[in-house]
$ cat run_33.txt   # compact mmCIF, C-alpha atoms
# COMPACT_ATOMS: atom_id res chain seq x y z
CA MET M 40 0.00 0.00 0.00
CA PRO M 41 1.89 3.08 -1.13
CA THR M 42 1.28 6.31 0.73
CA LEU M 43 2.88 9.73 0.45
CA ALA M 44 5.55 10.22 3.09
CA ARG M 45 4.42 12.37 5.96
CA HIS M 46 6.90 15.13 5.22
CA VAL M 47 5.93 15.68 1.57
CA ARG M 48 2.96 17.45 0.08
CA LEU M 49 1.34 16.98 -3.32
CA ARG M 50 -0.52 19.99 -4.63
CA HIS M 51 -1.65 21.67 -7.78
CA ASP M 52 0.36 24.77 -8.61
CA ALA M 53 -1.87 27.36 -10.23
CA ALA M 54 1.02 29.54 -11.45
CA ARG M 55 2.46 26.71 -13.56
CA ASP M 56 -0.75 24.69 -13.98
CA GLN M 57 1.05 21.52 -12.95
CA TYR M 58 1.14 19.21 -9.96
CA VAL M 59 4.16 19.58 -7.71
CA LEU M 60 5.58 17.48 -4.93
CA LEU M 61 7.05 19.52 -2.09
CA GLY M 62 9.51 18.26 0.51
CA PRO M 63 12.43 19.52 2.59
CA GLU M 64 14.46 21.68 0.17
CA THR M 65 12.87 19.99 -2.83
CA VAL M 66 10.31 20.94 -5.44
CA ALA M 67 9.49 18.26 -8.01
CA VAL M 68 7.33 19.43 -10.91
CA LEU M 69 5.31 16.40 -12.01
CA ASN M 70 4.04 15.35 -15.40
CA GLY M 71 0.42 14.26 -15.73
CA THR M 72 0.91 10.53 -15.22
CA SER M 73 3.27 10.90 -12.25
CA ALA M 74 0.74 13.16 -10.57
CA ALA M 75 -2.09 10.73 -11.36
CA ILE M 76 -0.19 7.87 -9.71
CA LEU M 77 0.79 9.87 -6.63
CA ARG M 78 -2.74 11.16 -6.11
CA LEU M 79 -3.81 7.54 -5.68
CA CYS M 80 -1.13 6.83 -3.06
CA ASP M 81 -3.42 7.25 -0.08
CA GLY M 82 -2.47 4.21 1.96
CA GLN M 83 -5.86 2.64 1.12
CA ARG M 84 -5.09 1.24 -2.33
CA SER M 85 -2.63 -1.50 -3.26
CA ILE M 86 -0.33 -1.03 -6.25
CA ALA M 87 -2.54 -3.42 -8.23
CA GLU M 88 -5.59 -1.32 -7.39
CA ILE M 89 -3.79 1.85 -8.39
CA ILE M 90 -2.90 0.31 -11.74
CA ALA M 91 -6.50 -0.85 -12.25
CA GLU M 92 -7.76 2.63 -11.51
CA LEU M 93 -5.25 4.25 -13.89
CA ARG M 94 -6.43 1.91 -16.63
CA GLY M 95 -9.88 3.44 -16.25
CA THR M 96 -8.42 6.82 -17.30
CA TYR M 97 -5.36 6.08 -19.45
CA GLU M 98 -5.13 3.81 -22.48
CA HIS M 99 -1.71 2.31 -21.96
CA VAL M 100 -0.65 1.64 -18.39
CA ALA M 101 2.37 -0.65 -18.12
CA GLU M 102 2.50 -2.33 -14.74
CA ASP M 103 6.32 -2.29 -14.72
CA ASP M 104 6.38 1.46 -15.32
CA VAL M 105 4.10 2.16 -12.37
CA ARG M 106 5.97 -0.21 -10.06
CA GLY M 107 9.31 1.22 -11.19
CA PHE M 108 8.13 4.79 -10.65
CA LEU M 109 6.84 3.98 -7.17
CA SER M 110 10.02 2.25 -6.11
CA ARG M 111 12.06 5.22 -7.34
CA MET M 112 9.81 7.54 -5.34
CA ALA M 113 10.20 5.26 -2.31
CA ALA M 114 14.00 5.33 -2.67
CA ARG M 115 13.82 9.13 -2.51
CA HIS M 116 11.56 8.94 0.58
CA TYR M 117 8.65 10.65 -1.16
CA VAL M 118 6.53 7.52 -0.89
CA GLU M 119 6.35 4.82 1.75
CA ILE M 120 5.22 1.36 0.74
CA THR M 121 3.66 -0.74 3.48
CA ASP M 122 2.36 -4.28 3.34
CA GLY M 123 -1.30 -4.90 3.01
CA MET S 282 10.48 34.36 -17.76
CA ASP S 283 10.00 31.57 -15.20
CA SER S 284 8.37 32.04 -11.84
CA PRO S 285 10.52 31.72 -8.73
CA PHE S 286 10.21 28.49 -6.74
CA GLY S 287 11.61 29.66 -3.42
CA LEU S 288 11.53 32.72 -1.19
CA LEU S 289 14.19 33.16 1.46
CA ALA S 290 12.55 35.41 4.06
CA GLU S 291 15.28 36.85 6.24
CA LEU S 292 12.96 38.03 9.00
CA THR S 293 15.64 39.69 11.11
CA TYR S 294 19.41 39.88 11.28
CA ARG S 295 19.33 39.89 15.09
CA CYS S 296 20.83 36.66 16.42
CA PRO S 297 21.74 35.16 19.79
CA LEU S 298 24.82 33.58 18.18
CA SER S 299 27.84 35.42 16.86
CA CYS S 300 29.37 32.93 14.40
CA ALA S 301 32.31 34.35 12.47
CA TYR S 302 31.24 32.42 9.35
CA CYS S 303 27.89 34.23 9.16
CA SER S 304 26.94 35.41 5.67
CA ASN S 305 24.72 38.22 6.95
CA PRO S 306 25.84 41.67 5.79
CA VAL S 307 28.58 43.44 7.70
CA ASP S 308 26.65 46.72 7.99
CA LEU S 309 23.77 45.39 10.06
CA VAL S 310 22.85 48.98 10.87
CA ASP S 311 21.04 49.28 7.53
CA TYR S 312 18.58 46.52 8.43
CA GLY S 313 17.26 47.56 11.84
CA ASP S 314 14.01 48.95 10.42
CA GLU S 315 12.30 45.56 10.01
CA LEU S 316 9.15 44.88 8.04
CA THR S 317 5.96 44.72 10.12
CA THR S 318 3.81 41.62 10.40
CA ALA S 319 1.34 43.01 7.85
CA GLU S 320 4.16 43.85 5.43
CA TRP S 321 5.60 40.33 5.67
CA GLN S 322 2.17 38.83 5.18
CA ARG S 323 1.73 40.90 2.04
CA VAL S 324 5.12 39.70 0.80
CA ILE S 325 4.18 36.06 1.44
CA VAL S 326 0.84 36.38 -0.37
CA GLU S 327 2.48 38.16 -3.32
CA ALA S 328 5.16 35.47 -3.46
CA ALA S 329 2.54 32.71 -3.54
CA GLU S 330 0.74 34.50 -6.37
CA LEU S 331 4.03 34.80 -8.23
CA GLY S 332 4.48 31.01 -8.04
CA VAL S 333 6.70 30.57 -4.98
CA LEU S 334 6.20 27.09 -3.51
CA GLN S 335 8.83 27.00 -0.77
CA LEU S 336 9.24 29.56 1.98
CA HIS S 337 12.40 29.57 4.07
CA LEU S 338 11.97 31.45 7.35
CA SER S 339 15.49 32.48 8.19
CA GLY S 340 17.62 35.33 9.55
CA GLY S 341 19.56 36.01 11.76
CA GLU S 342 17.44 34.06 14.16
CA PRO S 343 13.85 34.03 12.88
CA LEU S 344 12.48 32.97 16.27
CA LEU S 345 13.32 36.45 17.56
CA ARG S 346 10.30 37.61 15.58
CA ARG S 347 7.30 37.17 17.86
CA ASP S 348 5.00 36.98 14.83
CA ILE S 349 6.70 34.03 13.14
CA ALA S 350 3.77 31.64 13.74
CA GLU S 351 1.42 34.15 12.16
CA LEU S 352 3.67 34.39 9.12
CA ALA S 353 3.91 30.59 8.86
CA ALA S 354 0.12 30.36 9.00
CA THR S 355 -0.18 32.84 6.13
CA ALA S 356 2.21 30.70 4.09
CA ARG S 357 0.27 27.54 4.92
CA ASP S 358 -3.01 29.19 3.89
CA HIS S 359 -1.42 29.82 0.49
CA GLY S 360 -0.20 26.25 0.05
CA MET S 361 3.49 26.93 0.61
CA TYR S 362 5.91 24.40 2.05
CA THR S 363 7.54 26.16 4.99
CA ASN S 364 11.06 25.58 6.27
CA LEU S 365 12.22 27.03 9.57
CA VAL S 366 15.97 27.66 9.54
CA THR S 367 17.03 28.25 13.12
CA SER S 368 19.78 28.15 15.72
CA ALA S 369 17.04 26.53 17.89
CA LEU S 370 17.64 29.08 20.62
CA GLY S 371 14.15 30.13 21.59
CA LEU S 372 12.51 26.93 20.33
CA SER S 373 10.75 26.09 23.59
CA ARG S 374 8.11 23.36 23.67
CA ARG S 375 5.33 25.96 23.70
CA ARG S 376 6.82 27.79 20.74
CA ALA S 377 7.46 24.58 18.81
CA GLU S 378 3.89 23.37 19.30
CA GLU S 379 2.60 26.76 18.18
CA LEU S 380 4.72 26.58 15.00
CA ARG S 381 3.69 22.99 14.32
CA ALA S 382 0.05 24.03 14.56
CA ALA S 383 0.72 27.02 12.28
CA GLY S 384 1.88 24.65 9.56
CA VAL S 385 5.69 24.81 9.56
CA ASP S 386 6.63 21.72 7.53
CA HIS S 387 10.33 21.18 8.17
CA VAL S 388 12.90 22.38 10.68
CA GLN S 389 16.59 22.95 10.06
CA VAL S 390 18.72 23.33 13.18
CA SER S 391 22.29 24.56 13.03
CA VAL S 392 25.04 23.12 15.17
CA GLN S 393 28.58 24.45 15.08
CA ALA S 394 30.34 21.19 16.00
CA ASP S 395 29.66 17.78 17.53
CA GLU S 396 30.27 18.67 21.16
CA PRO S 397 29.60 21.56 23.56
CA ALA S 398 33.05 23.15 24.03
CA VAL S 399 33.84 23.63 20.34
CA SER S 400 30.27 24.35 19.28
CA ASP S 401 29.78 26.99 21.98
CA ARG S 402 33.13 28.59 21.22
CA ILE S 403 32.26 28.96 17.53
CA ALA S 404 28.72 30.14 18.29
CA GLY S 405 30.07 32.60 20.84
CA THR S 406 27.52 31.56 23.45
CA PRO S 407 26.52 28.47 25.45
CA SER S 408 24.03 26.87 23.08
CA PHE S 409 24.96 23.28 22.18
CA ALA S 410 22.94 21.57 24.94
CA ARG S 411 19.84 23.57 24.04
CA LYS S 412 20.27 22.75 20.36
CA VAL S 413 20.44 19.03 21.05
CA GLU S 414 17.35 19.27 23.23
CA ALA S 415 15.52 21.20 20.50
CA CYS S 416 16.46 18.59 17.86
CA ARG S 417 14.86 15.89 20.02
CA LEU S 418 11.75 18.05 20.38
CA VAL S 419 11.54 18.54 16.60
CA LYS S 420 11.55 14.78 16.09
CA GLU S 421 9.12 14.20 18.95
CA LEU S 422 6.61 16.56 17.31
CA GLY S 423 6.85 14.62 14.06
CA TRP S 424 8.77 17.14 11.96
CA PRO S 425 11.45 16.12 9.50
CA LEU S 426 14.75 17.33 10.94
CA THR S 427 17.73 18.65 9.03
CA LEU S 428 20.93 19.30 10.90
CA ASN S 429 22.84 22.20 9.31
CA VAL S 430 26.56 22.42 9.84
CA VAL S 431 28.73 25.09 8.27
CA LEU S 432 32.21 23.68 7.78
CA HIS S 433 35.47 25.58 8.03
CA ARG S 434 39.08 25.24 9.09
CA GLN S 435 38.19 25.03 12.79
CA ASN S 436 35.57 22.24 12.68
CA ILE S 437 35.95 20.30 9.44
CA ASP S 438 38.24 17.73 11.09
CA ARG S 439 35.31 16.76 13.35
CA ILE S 440 33.02 15.84 10.48
CA GLY S 441 32.90 12.15 11.44
CA ALA S 442 31.70 12.98 14.94
CA VAL S 443 29.20 15.48 13.51
CA LEU S 444 27.74 12.70 11.36
CA ARG S 445 27.48 10.44 14.42
CA LEU S 446 25.65 13.22 16.25
CA ALA S 447 23.21 13.56 13.35
CA GLU S 448 22.63 9.81 13.48
CA GLU S 449 22.11 9.84 17.23
CA LEU S 450 19.57 12.67 16.85
CA ASP S 451 17.78 10.67 14.14
CA ALA S 452 18.07 13.56 11.68
CA ASP S 453 16.43 12.92 8.31
CA ARG S 454 18.96 15.06 6.51
CA VAL S 455 22.31 16.54 7.35
CA GLU S 456 23.70 19.45 5.38
CA LEU S 457 27.45 19.78 5.65
CA ALA S 458 28.16 22.99 3.80
CA ASN S 459 31.59 24.48 3.49
CA THR S 460 31.56 28.18 4.28
CA GLN S 461 30.61 30.54 1.49
CA TYR S 462 32.61 33.71 1.75
CA TYR S 463 30.13 36.56 2.02
CA GLY S 464 29.37 39.05 4.79
CA TRP S 465 31.19 38.20 8.01
CA ALA S 466 32.62 35.04 6.46
CA TRP S 467 34.29 37.16 3.79
CA ARG S 468 35.88 39.29 6.49
CA ASN S 469 37.10 36.10 8.21
CA ARG S 470 37.97 34.15 5.10
CA ASP S 471 41.65 33.55 5.71
CA ALA S 472 40.95 32.08 9.16
CA LEU S 473 38.10 29.91 7.85
CA LEU S 474 39.42 28.47 4.59
CA PRO S 475 40.46 24.83 5.16
CA SER S 476 43.55 23.20 3.73
CA ARG S 477 43.48 20.69 0.90
CA SER S 478 44.39 17.80 3.20
CA GLN S 479 41.56 18.71 5.57
CA LEU S 480 39.15 18.61 2.64
CA GLU S 481 40.43 15.31 1.32
CA GLN S 482 39.97 13.68 4.72
CA ALA S 483 36.49 15.16 5.07
CA GLU S 484 35.45 13.82 1.68
CA GLU S 485 36.57 10.33 2.64
CA VAL S 486 34.52 10.46 5.83
CA VAL S 487 31.46 11.78 3.97
CA SER S 488 31.65 9.14 1.30
CA ALA S 489 31.90 6.32 3.87
CA ALA S 490 28.98 7.80 5.84
CA ARG S 491 26.82 8.02 2.73
CA THR S 492 27.29 4.30 2.14
CA ARG S 493 26.61 3.46 5.78
CA LEU S 494 23.54 5.71 6.09
CA LYS S 495 22.01 4.99 2.68
CA GLY S 496 18.22 4.91 2.92
CA ARG S 497 18.25 6.30 6.47
CA MET S 498 19.66 9.78 6.19
CA ASP S 499 20.41 12.12 3.31
CA VAL S 500 23.93 13.46 3.56
CA ILE S 501 24.32 16.68 1.60
CA TYR S 502 27.89 17.86 1.27
CA VAL S 503 28.63 21.24 -0.28
CA LEU S 504 32.19 21.56 -1.57
CA PRO S 505 34.12 24.77 -1.04
CA ASP S 506 34.17 26.40 -4.45
CA TYR S 507 37.67 27.82 -3.91
CA TYR S 508 38.91 24.26 -4.51
CA SER S 509 36.67 23.52 -7.50
CA ARG S 510 37.66 23.69 -11.16
CA TYR S 511 34.35 25.27 -12.13
CA PRO S 512 32.16 27.71 -10.24
CA LYS S 513 28.94 26.79 -8.49
CA PRO S 514 25.71 27.41 -10.45
CA CYS S 515 24.89 30.18 -8.01
CA MET S 516 21.14 30.32 -7.18
CA GLY S 517 20.47 28.27 -10.33
CA GLY S 518 21.20 31.44 -12.30
CA TRP S 519 20.64 35.08 -11.35
CA ALA S 520 16.92 35.76 -10.82
CA GLN S 521 15.87 32.40 -12.25
CA ARG S 522 14.52 30.31 -9.37
CA GLN S 523 14.89 32.09 -6.03
CA LEU S 524 14.53 35.43 -4.38
CA THR S 525 15.42 36.83 -0.99
CA VAL S 526 13.69 39.48 1.07
CA ALA S 527 15.95 41.11 3.68
CA PRO S 528 14.63 42.27 7.10
CA ASN S 529 14.14 45.85 5.87
CA GLY S 530 12.19 44.80 2.76
CA ASP S 531 15.04 44.89 0.25
CA VAL S 532 14.48 42.24 -2.42
CA LEU S 533 17.55 40.45 -3.73
CA PRO S 534 18.23 37.75 -6.34
CA CYS S 535 20.63 36.18 -3.82
CA PRO S 536 21.16 36.81 -0.11
CA ALA S 537 24.65 38.21 -0.65
CA ALA S 538 23.68 40.65 -3.40
CA GLN S 539 23.20 43.65 -1.14
CA THR S 540 26.89 44.47 -1.55
CA LEU S 541 26.66 44.90 -5.32
CA PRO S 542 26.61 48.41 -6.78
CA LEU S 543 23.17 47.99 -8.33
CA PRO S 544 19.90 49.89 -7.86
CA ARG S 545 17.89 48.73 -4.84
CA ALA S 546 14.49 47.10 -4.98
CA SER S 547 12.20 47.10 -1.96
CA VAL S 548 8.78 45.66 -1.16
CA ARG S 549 8.13 48.98 0.59
CA ALA S 550 8.20 50.70 -2.81
CA ASP S 551 6.99 48.08 -5.26
CA SER S 552 5.23 44.75 -5.66
CA LEU S 553 7.20 41.52 -5.61
CA ALA S 554 5.94 40.64 -9.11
CA ARG S 555 7.16 43.91 -10.62
CA ILE S 556 10.50 43.59 -8.88
CA TRP S 557 10.89 40.00 -10.13
CA THR S 558 9.95 40.76 -13.72
CA GLU S 559 11.13 44.31 -14.36
CA SER S 560 13.51 45.75 -11.77
CA PRO S 561 16.98 46.69 -13.02
CA LEU S 562 18.45 44.70 -10.11
CA PHE S 563 16.79 41.45 -11.18
CA GLN S 564 17.40 42.08 -14.88
CA ALA S 565 21.09 42.92 -14.39
CA PHE S 566 22.50 39.40 -14.84
CA ARG S 567 19.48 37.43 -15.98
CA GLY S 568 20.16 35.03 -18.84
CA THR S 569 23.50 34.94 -20.65
CA ASP S 570 23.67 38.23 -22.60
CA TRP S 571 25.65 40.02 -19.87
CA MET S 572 28.45 37.46 -19.94
CA PRO S 573 32.01 38.36 -20.86
CA ASP S 574 34.48 35.83 -22.16
CA PRO S 575 35.50 33.17 -21.21
CA CYS S 576 31.84 32.53 -20.17
CA ARG S 577 30.29 33.87 -23.37
CA SER S 578 31.93 31.24 -25.56
CA CYS S 579 31.90 28.47 -22.92
CA ASP S 580 29.72 25.40 -23.36
CA ARG S 581 29.07 25.41 -19.61
CA LYS S 582 27.42 28.84 -19.60
CA GLU S 583 23.97 27.31 -19.12
CA THR S 584 25.37 24.89 -16.52
CA ASP S 585 27.02 27.24 -14.04
CA PHE S 586 25.73 30.60 -15.31
CA GLY S 587 29.16 32.20 -14.93
CA GLY S 588 29.21 31.35 -11.21
CA CYS S 589 28.47 33.84 -8.49
CA ARG S 590 28.09 37.56 -9.21
CA CYS S 591 28.70 38.51 -5.59
CA GLN S 592 31.91 36.48 -5.46
CA ALA S 593 33.10 38.05 -8.72
CA PHE S 594 32.44 41.48 -7.21
CA LEU S 595 34.12 40.74 -3.88
CA LEU S 596 37.22 39.30 -5.54
CA THR S 597 37.63 41.62 -8.54
CA GLY S 598 35.50 44.69 -7.86
CA ASP S 599 33.41 43.95 -10.98
CA ALA S 600 30.21 41.89 -10.64
CA ALA S 601 30.08 41.23 -14.39
CA ARG S 602 33.30 39.23 -14.56
CA THR S 603 33.61 35.45 -14.66
CA ASP S 604 33.61 34.02 -11.14
CA PRO S 605 37.34 33.83 -10.32
CA VAL S 606 37.00 30.34 -8.83
CA CYS S 607 36.72 29.07 -12.40
CA HIS S 608 40.12 27.86 -13.58
CA LEU S 609 39.38 29.54 -16.94
CA SER S 610 38.86 32.96 -15.36
CA PRO S 611 41.59 35.54 -16.09
CA ASP S 612 41.34 36.44 -12.37
CA HIS S 613 41.79 32.88 -11.09
CA GLY S 614 45.16 33.84 -9.59
CA ILE S 615 43.31 35.68 -6.80
CA VAL S 616 41.69 32.44 -5.68
CA GLU S 617 44.90 30.48 -6.14
CA ALA S 618 46.69 32.89 -3.82
CA ALA S 619 44.06 32.43 -1.08
CA VAL S 620 44.25 28.64 -1.47
CA ARG S 621 48.05 28.74 -1.38
CA ALA S 622 47.96 30.71 1.87
CA ALA S 623 45.54 28.19 3.38
CA ASN S 624 48.02 25.40 2.62
CA ASP S 625 51.19 27.13 3.80
CA GLY S 626 51.33 25.29 7.10
CA PRO S 627 49.60 26.09 10.39
CA ARG S 628 48.18 29.54 10.93
CA GLU S 629 46.85 31.20 14.01
CA LEU S 630 44.36 33.75 12.79
CA THR S 631 41.76 35.41 14.96
CA LEU S 632 38.12 35.24 14.00
CA VAL S 633 36.04 38.41 14.15
CA PRO S 634 32.64 37.44 15.60
CA ARG S 635 29.56 39.03 14.09
CA PRO S 636 27.65 41.17 16.62
CA HIS S 637 24.29 39.95 17.93
CA ARG S 638 22.66 43.14 16.74
CA VAL S 639 23.48 46.65 15.69
CA GLY S 640 25.47 48.56 18.26
CA GLN S 641 26.66 45.50 20.16
CA PRO S 642 30.25 44.37 19.87
$ encode --input "run_33.txt" --output "structure tokens"
Amino acid sequence: MPTLARHVRLRHDAARDQYVLLGPETVAVLNGTSAAILRLCDGQRSIAEIIAELRGTYEHVAEDDVRGFLSRMAARHYVEITDG
Amino acid sequence: MDSPFGLLAELTYRCPLSCAYCSNPVDLVDYGDELTTAEWQRVIVEAAELGVLQLHLSGGEPLLRRDIAELAATARDHGMYTNLVTSALGLSRRRAEELRAAGVDHVQVSVQADEPAVSDRIAGTPSFARKVEACRLVKELGWPLTLNVVLHRQNIDRIGAVLRLAEELDADRVELANTQYYGWAWRNRDALLPSRSQLEQAEEVVSAARTRLKGRMDVIYVLPDYYSRYPKPCMGGWAQRQLTVAPNGDVLPCPAAQTLPLPRASVRADSLARIWTESPLFQAFRGTDWMPDPCRSCDRKETDFGGCRCQAFLLTGDAARTDPVCHLSPDHGIVEAAVRAANDGPRELTLVPRPHRVGQP
């Protein structure tokens, strides 16, 4: 169950009309799909459920891409992945 | 033109510490007339509208402003991520809880060394024990903690012990930044600049710690640019990503830029948006058109942006020259001479402490 780390915030930035991820001394400007994945990281959905939900919106959702993205985000401490 | 991402709000230059490496301006007398609460709130709202996402509440010691929680709340209400950059003196439990409730997201606490005697000597006041206590409080309240350590000739040999302290305090990040020579640090440069062998040892310790702490703690190590081949990409380019507001409302593309012979810009006279987009100060070195050679014809000109304008000015008297730390700069000999002096065997140089406030020695 991926969830955003407690010390980061995901928000829409009106000035740039993009989603951004904010953390200590970091600003990550997100593309549409990255933002869509992170918005589903609420600690309630499993990775499989996130992928299923993305497939309702996007035509091509490669499972490996989503898993790879989430593990990169976890390595940078933006996302925590718990069992469940 | 891009919007700025970060605002460094230097709320006051008053400080309970008197570190000789401080980059605050030497003529503190010009900054005594501090912005009011309402003025700072206007600045924060204007910054948010301009696209600023990160607010750094700094100083001096920002906790000396009684209204800091109010300012943090304004930033939170406008979606900003707020960093408190503090000596931790004045961070009582009551104050910390108030700031947590006001939405401060992240706390950076400075220490001057790994143990009380050295840390207190460098800070100029008994403070180490209170800092350690405050770090524990920051963690207890659920904040991410960054430990900030400015490195120089008198503490860089203790970097291993500093890293162990950071680990013991369960810091999420540790920033080990070699001194940047502006303000009081510029005045004290020759006593602060480490030797090459000190730096080599420090780098070994940092690299081993990074391996050991991987996944647990981010270790940020800022090299001293005097020893680099190329200059630092100062502020990500002049007036590209960041802006600073000084205690008196002066707006600057970089916190050291108040020394440059350029027209002033102040939030007391103009809006932040107009200053960012149009002021002669912010336009002065924006982009690459201002560059002289060797920068103009260099393929790194969009990588390091010619280095630091303030450093070029301090070292050569001309802010529009290539940063002399670059080995390609015609003025590089100035930096080489300072480095040579720092490696000419032991030196006993006296540090000039910065005063706590105007009028105090």
$ closest_residue --input "run_33.txt" --among "M:Val59, M:Ile89, M:Gly95, M:Val47" --to "Leu109 of chain M" --atoms "only C-alpha atoms"
M:Ile89
$ atom_distance --input "run_33.txt" --atom1 "atom CA of Lys495 of chain S" --atom2 "atom CA of Arg48 of chain M"
22.9 Å
$ atom_distance --input "run_33.txt" --atom1 "atom CA of Ile501 of chain S" --atom2 "atom CA of Ala483 of chain S"
12.7 Å
$ interface_residues --input "run_33.txt" --of "chain S" --to "chain M" --cutoff "8 Å" --atoms "all atoms listed in the file" --output "PyMOL selection string"
chain S and resi 284+286+330-332+334-335+360+362+364+386-387+424-425+496
$ residues_near_point --input "run_33.txt" --point "(45.9, 35.8, 9.6)" --cutoff "7 Å" --atoms "only C-alpha atoms" --output "list of chain:residue names"
S:Asp471, S:Ala472, S:Arg628, S:Glu629, S:Leu630, S:Thr631
$ atom_distance --input "run_33.txt" --atom1 "atom CA of Gln523 of chain S" --atom2 "atom CA of Pro505 of chain S"
21.2 Å
$ closest_residue --input "run_33.txt" --among "S:Tyr312, S:Tyr463, S:Phe566, S:Phe586" --to "Asp531 of chain S" --atoms "all atoms listed in the file"
S:Tyr312
$ residues_around --input "run_33.txt" --residues "Pro542 of chain S" --least-positions-apart "5" --cutoff "10 Å" --atoms "all atoms listed in the file" --output "PyMOL selection string"
chain S and resi 562+594+598-600
$ write_last_selection --input "run_33.txt" --atoms "C-alpha atoms" --output "JSON list (two decimals), in the frame of the given file"
[["chain", "number", "residue", "atom", "x", "y", "z"],
["S", 562, "LEU", "CA", 18.45, 44.70, -10.11],
["S", 594, "PHE", "CA", 32.44, 41.48, -7.21],
["S", 598, "GLY", "CA", 35.50, 44.69, -7.86],
["S", 599, "ASP", "CA", 33.41, 43.95, -10.98],
["S", 600, "ALA", "CA", 30.21, 41.89, -10.64]]
$ residues_near_point --input "run_33.txt" --point "(27.5, 20.1, 18.7)" --cutoff "9 Å" --atoms "all atoms listed in the file" --output "mmCIF file with C-alpha atoms, keeping the file's coordinate frame"
data_model
loop_
_atom_site.group_PDB
_atom_site.id
_atom_site.type_symbol
_atom_site.label_atom_id
_atom_site.label_comp_id
_atom_site.auth_asym_id
_atom_site.auth_seq_id
_atom_site.Cartn_x
_atom_site.Cartn_y
_atom_site.Cartn_z
ATOM 1 C CA SER S 391 22.290 24.560 13.030
ATOM 2 C CA VAL S 392 25.040 23.120 15.170
ATOM 3 C CA GLN S 393 28.580 24.450 15.080
ATOM 4 C CA ALA S 394 30.340 21.190 16.000
ATOM 5 C CA ASP S 395 29.660 17.780 17.530
ATOM 6 C CA GLU S 396 30.270 18.670 21.160
ATOM 7 C CA PRO S 397 29.600 21.560 23.560
ATOM 8 C CA ALA S 398 33.050 23.150 24.030
ATOM 9 C CA VAL S 399 33.840 23.630 20.340
ATOM 10 C CA SER S 400 30.270 24.350 19.280
ATOM 11 C CA ASP S 401 29.780 26.990 21.980
ATOM 12 C CA SER S 408 24.030 26.870 23.080
ATOM 13 C CA PHE S 409 24.960 23.280 22.180
ATOM 14 C CA ALA S 410 22.940 21.570 24.940
ATOM 15 C CA LYS S 412 20.270 22.750 20.360
ATOM 16 C CA VAL S 413 20.440 19.030 21.050
ATOM 17 C CA VAL S 443 29.200 15.480 13.510
ATOM 18 C CA LEU S 446 25.650 13.220 16.250
#
$ closest_residue --input "run_33.txt" --among "S:Pro573, S:Thr525, S:Ser488, S:Tyr302" --to "Leu432 of chain S" --atoms "only C-alpha atoms"
S:Tyr302
$ residues_around --input "run_33.txt" --residues "segment 100-106 of chain M" --least-positions-apart "2" --cutoff "10 Å" --atoms "all atoms listed in the file" --output "number ranges by chain"
M: 72-73, 76, 86-87, 89-98, 108-112
$ closest_residue --input "run_33.txt" --among "S:Leu426, S:Val503, S:Met282, S:Leu336" --to "Arg567 of chain S" --atoms "only C-alpha atoms"
S:Met282
$ axis_aligned_box --input "run_33.txt" --around "segment 283-299 of chain S" --padding-each-side "5 Å" --output "lines of an AutoDock Vina configuration file"
center_x = 18.1
center_y = 34.2
center_z = 2.3
size_x = 29.5
size_y = 21.4
size_z = 45.0
$ decode --input "run_33.txt" --residues "segment 342-361 of chain S" --atoms "C-alpha atoms" --output "mmCIF file, in the first residue's frame"
data_model
loop_
_atom_site.group_PDB
_atom_site.id
_atom_site.type_symbol
_atom_site.label_atom_id
_atom_site.label_comp_id
_atom_site.auth_asym_id
_atom_site.auth_seq_id
_atom_site.Cartn_x
_atom_site.Cartn_y
_atom_site.Cartn_z
ATOM 1 C CA GLU S 342 17.441 34.061 14.158
ATOM 2 C CA PRO S 343 13.854 34.034 12.884
ATOM 3 C CA LEU S 344 12.480 32.969 16.274
ATOM 4 C CA LEU S 345 13.322 36.450 17.556
ATOM 5 C CA ARG S 346 10.301 37.608 15.582
ATOM 6 C CA ARG S 347 7.303 37.165 17.860
ATOM 7 C CA ASP S 348 4.996 36.978 14.835
ATOM 8 C CA ILE S 349 6.705 34.029 13.138
ATOM 9 C CA ALA S 350 3.775 31.641 13.738
ATOM 10 C CA GLU S 351 1.422 34.152 12.160
ATOM 11 C CA LEU S 352 3.673 34.388 9.122
ATOM 12 C CA ALA S 353 3.908 30.588 8.864
ATOM 13 C CA ALA S 354 0.116 30.359 8.997
ATOM 14 C CA THR S 355 -0.180 32.843 6.128
ATOM 15 C CA ALA S 356 2.212 30.697 4.087
ATOM 16 C CA ARG S 357 0.269 27.544 4.924
ATOM 17 C CA ASP S 358 -3.007 29.195 3.894
ATOM 18 C CA HIS S 359 -1.423 29.822 0.486
ATOM 19 C CA GLY S 360 -0.200 26.250 0.054
ATOM 20 C CA MET S 361 3.493 26.929 0.611
#
